[in-house]
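Enquirer: Just passing along the structure, written as structure tokens.
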Amino acid sequence: MAEKNYYDILGVKKDASDADIKKKYRKLVRQYHPDVSDDPNADNKIAEINNAYETLRDKDKRAQYDAMLDNPFAGQGGAGGFGGFGSQSAGGQGGFRWEDIKDQFGDGEAFGGGGFRFDDIFSAFGRGARGQTGGRTQSSGFDQFGSGFGAQDNKGQDQHAEITVDLASVYSGDDYSIKLNVPVRQPNGSVDYENKTLKIKIPKGITDGKQIRLAGQGAAGMGGGKNGDLFLKVKISHASNIRIEGADVYQTVNIAPWEAALGDKINVSTPAGTLGVTIPKNSKSGSNLRLKGKGIPAKQAGDLYLTLNIVNPDISSETATKAYEQLKQAFADTSINR
């Protein structure tokens, strides 16, 4: 049975995009990294993965490789049938001879007059060994494309969570404490979790849905890489008579019929503090009083809108009943659209 070709090794289709190839490669490296994998063949698999990626990541090498997949010598052995190119037997480890490629492609002129060099083939091998003549060793090849693929690339995955904060904290800024199970990389490469309490500063004026970034509090890195970051999405909690739209705050305020009819000055407890508000004469239920700049104090402060809700008092006494009867008589000529 023919060995897998590079696309099979990475688990991608032949028409996969560069981004998809890179994404799948990184996933496989993390899976088979010797620091974390229990697979006894992890080293060989990493070399095979690196080998495939080193070719497919390069536009020119990939084009050459695709040409080899399609050329008439396919089926004569090795990955995709061209003399073991890219197989685990590279570098004198059995079955593969550089002469096989030379016999098939001539003196390095197979791809258009000097464009193809054996150095290109050597550089495509993640394990990198040129038989007994030196070149990259398995370790150096792995360092370049595996654990040495850069501490930044080996950074742990970012984690995302949600934190609920009170609206009052958004107005003033506040300190919160949260408990997390934080991933910690052990010397043997395993990952343990430890309970940790983190203190978080809630920025004054942060709006609903914004994120707070905690550097280094995400998943553990690999091969010396840094931990990922933790992103906390802010969810603002508030009373049921409040709704938030961006930095604007809408608060429903109950008022008495005479306050609405006659106009009055009342004190209202709001997220911005207790505010004195004048009710305009002949106010209607559902009308809004805009208090500019009293919304969430973001970079561009929002407004606070007080939505008036006229509430009729209960009639629980004879005096109250007579008062409503007098009111009815006083407005006997009033026509109400129903």
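Convention: chains lettered A, B, ... in structure tokens order; per-chain residue numbering from 1; ligands numbered from 1 as shown.
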If we count only C-alpha atoms, what is near Asp264 in chain A at a cut-off of 12 Å, once residues fewer than 4 positions away on the same chain are taken out, given as a PDB file with C-alpha atoms, in the first residue's frame?

Expert:
ATOM      1  CA  ILE A 255     -45.310  58.857  39.025  1.00  0.00           C
ATOM      2  CA  ALA A 256     -48.714  59.762  40.477  1.00  0.00           C
ATOM      3  CA  PRO A 257     -51.533  61.137  38.277  1.00  0.00           C
ATOM      4  CA  TRP A 258     -51.396  64.558  39.901  1.00  0.00           C
ATOM      5  CA  GLU A 259     -47.628  64.737  39.389  1.00  0.00           C
ATOM      6  CA  ALA A 260     -48.164  64.091  35.713  1.00  0.00           C
ATOM      7  CA  GLY A 276     -33.915  65.864  41.310  1.00  0.00           C
ATOM      8  CA  VAL A 277     -36.192  65.808  38.282  1.00  0.00           C
ATOM      9  CA  THR A 278     -38.976  68.177  37.248  1.00  0.00           C
ATOM     10  CA  ILE A 279     -42.025  66.478  35.727  1.00  0.00           C
ATOM     11  CA  PRO A 280     -43.493  68.667  32.975  1.00  0.00           C
ATOM     12  CA  LYS A 281     -47.164  69.604  33.330  1.00  0.00           C
ATOM     13  CA  ASN A 282     -49.567  67.334  31.426  1.00  0.00           C
ATOM     14  CA  SER A 283     -46.973  64.553  31.050  1.00  0.00           C
TER      15      SER A 283
END

Enquirer: For Ala247 in chain A, work out the shell of residues within 12 Å, counting only C-alpha atoms and skipping chain neighbours fewer than 4 positions away, then give it as a list in words.

Expert: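 Selected residues are Leu167, Val170, Tyr171, Lys204, Gly205, Ile206, Thr207, Asp208, Gly209, Lys210, Ile236, Arg243, Lys292, Gly293, Lys294, Gly295, Ile296, Pro297, Ala298, Lys299, Gln300, Ala301, Gly302, Asp303, Leu304 and Tyr305 of chain A.
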
Enquirer: Next, dump the selected residues to file, keeping only N, CA and C atoms, as a PDB file, in the first residue's frame.

Expert:
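Written output follows (selection06.pdb):
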ATOM      1  N   LEU A 167     -24.456  47.293  37.430  1.00  0.00           N
ATOM      2  CA  LEU A 167     -24.454  48.562  36.713  1.00  0.00           C
ATOM      3  C   LEU A 167     -23.783  49.666  37.529  1.00  0.00           C
ATOM      4  N   VAL A 170     -20.184  49.754  36.948  1.00  0.00           N
ATOM      5  CA  VAL A 170     -19.825  50.314  35.649  1.00  0.00           C
ATOM      6  C   VAL A 170     -19.761  51.840  35.731  1.00  0.00           C
ATOM      7  N   TYR A 171     -20.642  52.414  36.534  1.00  0.00           N
ATOM      8  CA  TYR A 171     -20.648  53.866  36.690  1.00  0.00           C
ATOM      9  C   TYR A 171     -19.428  54.357  37.473  1.00  0.00           C
ATOM     10  N   LYS A 204     -14.207  51.895  34.598  1.00  0.00           N
ATOM     11  CA  LYS A 204     -15.347  52.805  34.637  1.00  0.00           C
ATOM     12  C   LYS A 204     -15.821  53.081  33.209  1.00  0.00           C
ATOM     13  N   GLY A 205     -17.119  52.929  33.000  1.00  0.00           N
ATOM     14  CA  GLY A 205     -17.695  53.241  31.698  1.00  0.00           C
ATOM     15  C   GLY A 205     -17.683  52.096  30.708  1.00  0.00           C
ATOM     16  N   ILE A 206     -17.266  50.898  31.114  1.00  0.00           N
ATOM     17  CA  ILE A 206     -17.287  49.774  30.180  1.00  0.00           C
ATOM     18  C   ILE A 206     -18.731  49.441  29.824  1.00  0.00           C
ATOM     19  N   THR A 207     -18.962  49.098  28.582  1.00  0.00           N
ATOM     20  CA  THR A 207     -20.322  48.819  28.131  1.00  0.00           C
ATOM     21  C   THR A 207     -20.574  47.324  27.991  1.00  0.00           C
ATOM     22  N   ASP A 208     -21.825  46.966  27.922  1.00  0.00           N
ATOM     23  CA  ASP A 208     -22.228  45.570  27.854  1.00  0.00           C
ATOM     24  C   ASP A 208     -21.645  44.902  26.614  1.00  0.00           C
ATOM     25  N   GLY A 209     -21.046  43.718  26.800  1.00  0.00           N
ATOM     26  CA  GLY A 209     -20.485  42.965  25.682  1.00  0.00           C
ATOM     27  C   GLY A 209     -19.008  43.209  25.446  1.00  0.00           C
ATOM     28  N   LYS A 210     -18.429  44.246  26.066  1.00  0.00           N
ATOM     29  CA  LYS A 210     -17.003  44.492  25.921  1.00  0.00           C
ATOM     30  C   LYS A 210     -16.210  43.428  26.694  1.00  0.00           C
ATOM     31  N   ILE A 236     -23.673  43.176  32.013  1.00  0.00           N
ATOM     32  CA  ILE A 236     -24.084  44.128  33.047  1.00  0.00           C
ATOM     33  C   ILE A 236     -25.435  43.719  33.615  1.00  0.00           C
ATOM     34  N   ARG A 243     -33.133  49.237  31.136  1.00  0.00           N
ATOM     35  CA  ARG A 243     -32.567  48.570  29.961  1.00  0.00           C
ATOM     36  C   ARG A 243     -31.425  49.440  29.433  1.00  0.00           C
ATOM     37  N   LYS A 292     -28.994  64.465  29.870  1.00  0.00           N
ATOM     38  CA  LYS A 292     -27.797  64.367  29.044  1.00  0.00           C
ATOM     39  C   LYS A 292     -26.555  64.035  29.882  1.00  0.00           C
ATOM     40  N   GLY A 293     -25.778  63.051  29.385  1.00  0.00           N
ATOM     41  CA  GLY A 293     -24.517  62.698  30.021  1.00  0.00           C
ATOM     42  C   GLY A 293     -24.641  61.884  31.287  1.00  0.00           C
ATOM     43  N   LYS A 294     -25.865  61.475  31.644  1.00  0.00           N
ATOM     44  CA  LYS A 294     -26.071  60.710  32.873  1.00  0.00           C
ATOM     45  C   LYS A 294     -26.189  59.206  32.609  1.00  0.00           C
ATOM     46  N   GLY A 295     -25.892  58.830  31.362  1.00  0.00           N
ATOM     47  CA  GLY A 295     -25.853  57.400  31.063  1.00  0.00           C
ATOM     48  C   GLY A 295     -24.522  56.808  31.491  1.00  0.00           C
ATOM     49  N   ILE A 296     -24.141  55.689  30.890  1.00  0.00           N
ATOM     50  CA  ILE A 296     -22.866  55.046  31.239  1.00  0.00           C
ATOM     51  C   ILE A 296     -21.731  56.002  30.886  1.00  0.00           C
ATOM     52  N   PRO A 297     -20.823  56.264  31.842  1.00  0.00           N
ATOM     53  CA  PRO A 297     -19.737  57.230  31.602  1.00  0.00           C
ATOM     54  C   PRO A 297     -18.612  56.648  30.757  1.00  0.00           C
ATOM     55  N   ALA A 298     -18.965  56.234  29.543  1.00  0.00           N
ATOM     56  CA  ALA A 298     -17.964  55.705  28.607  1.00  0.00           C
ATOM     57  C   ALA A 298     -17.117  56.855  28.075  1.00  0.00           C
ATOM     58  N   LYS A 299     -16.216  56.550  27.131  1.00  0.00           N
ATOM     59  CA  LYS A 299     -15.386  57.597  26.538  1.00  0.00           C
ATOM     60  C   LYS A 299     -16.262  58.718  26.012  1.00  0.00           C
ATOM     61  N   GLN A 300     -17.373  58.324  25.385  1.00  0.00           N
ATOM     62  CA  GLN A 300     -18.407  59.282  25.016  1.00  0.00           C
ATOM     63  C   GLN A 300     -19.634  58.927  25.852  1.00  0.00           C
ATOM     64  N   ALA A 301     -19.844  59.698  26.913  1.00  0.00           N
ATOM     65  CA  ALA A 301     -20.880  59.361  27.890  1.00  0.00           C
ATOM     66  C   ALA A 301     -22.245  59.246  27.232  1.00  0.00           C
ATOM     67  N   GLY A 302     -23.012  58.280  27.709  1.00  0.00           N
ATOM     68  CA  GLY A 302     -24.368  58.123  27.215  1.00  0.00           C
ATOM     69  C   GLY A 302     -25.331  59.015  27.965  1.00  0.00           C
ATOM     70  N   ASP A 303     -26.587  58.924  27.607  1.00  0.00           N
ATOM     71  CA  ASP A 303     -27.637  59.707  28.258  1.00  0.00           C
ATOM     72  C   ASP A 303     -28.522  58.786  29.089  1.00  0.00           C
ATOM     73  N   LEU A 304     -29.163  59.376  30.088  1.00  0.00           N
ATOM     74  CA  LEU A 304     -30.130  58.659  30.909  1.00  0.00           C
ATOM     75  C   LEU A 304     -31.527  59.129  30.522  1.00  0.00           C
ATOM     76  N   TYR A 305     -32.378  58.177  30.161  1.00  0.00           N
ATOM     77  CA  TYR A 305     -33.751  58.498  29.784  1.00  0.00           C
ATOM     78  C   TYR A 305     -34.687  57.943  30.859  1.00  0.00           C
TER      79      TYR A 305
END

Enquirer: List the neighbours of Ile178 in chain A out to 7 Å using only C-alpha atoms; skip same-chain residues closer than 2 positions along the sequence, and give me the result as a PyMOL selection string.

Expert: chain A and resi 176+180+197-199

Enquirer: Using only C-alpha atoms, which residue out of A:Ile242, A:Leu306, A:Ile336, A:Leu230 lies closest to Gly216 in chain A?

Expert: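 Looking at the shortest contact to Gly216 in chain A, the residue is A:Leu230.
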
Enquirer: As an exercise, work out the distance from CA of Val165 in chain A to CA of Ile202 in chain A in Å and give it to one decimal place.

Expert: 8.2 Å

Enquirer: Mind checking which residues fall within 10 Å of Ser269 in chain A, counting only C-alpha atoms, ignoring those fewer than 6 positions away in the same chain, and posting them as a ChimeraX atom specification?

Expert: /A:251,253,275-276

Enquirer: Determine the nearest neighbour of Asp66 in chain A from the options A:Ile46, A:Gln31, A:Asn5, A:Ser316, counting only C-alpha atoms.

Expert: A:Asn5

Enquirer: Quick one: pull the distance between CA of Leu262 in chain A and CA of Ser317 in chain A, Å, one decimal.

Expert: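 Going from CA of Leu262 in chain A over to CA of Ser317 in chain A covers 23.5 Å.
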
Enquirer: Select from range 152-326 of chain A everything DSSP, run on the backbone, classes as strand (DSSP E), then give the selection as number ranges by chain.

Expert: A: 159-166, 174-185, 191-202, 211-214, 230-237, 242-245, 248-255, 264-270, 273-279, 288-291, 304-310

Enquirer: Figure out the distance between CA of Ala320 in chain A and CA of Asn241 in chain A, please, to one decimal in Å.

Expert: 28.4 Å

Enquirer: Near Lys24 in chain A, within 8 Å and counting only C-alpha atoms, which residues show up once chain neighbours fewer than 2 positions away are dropped, as a ChimeraX atom specification?

Expert: /A:10-12,20-22,26-28
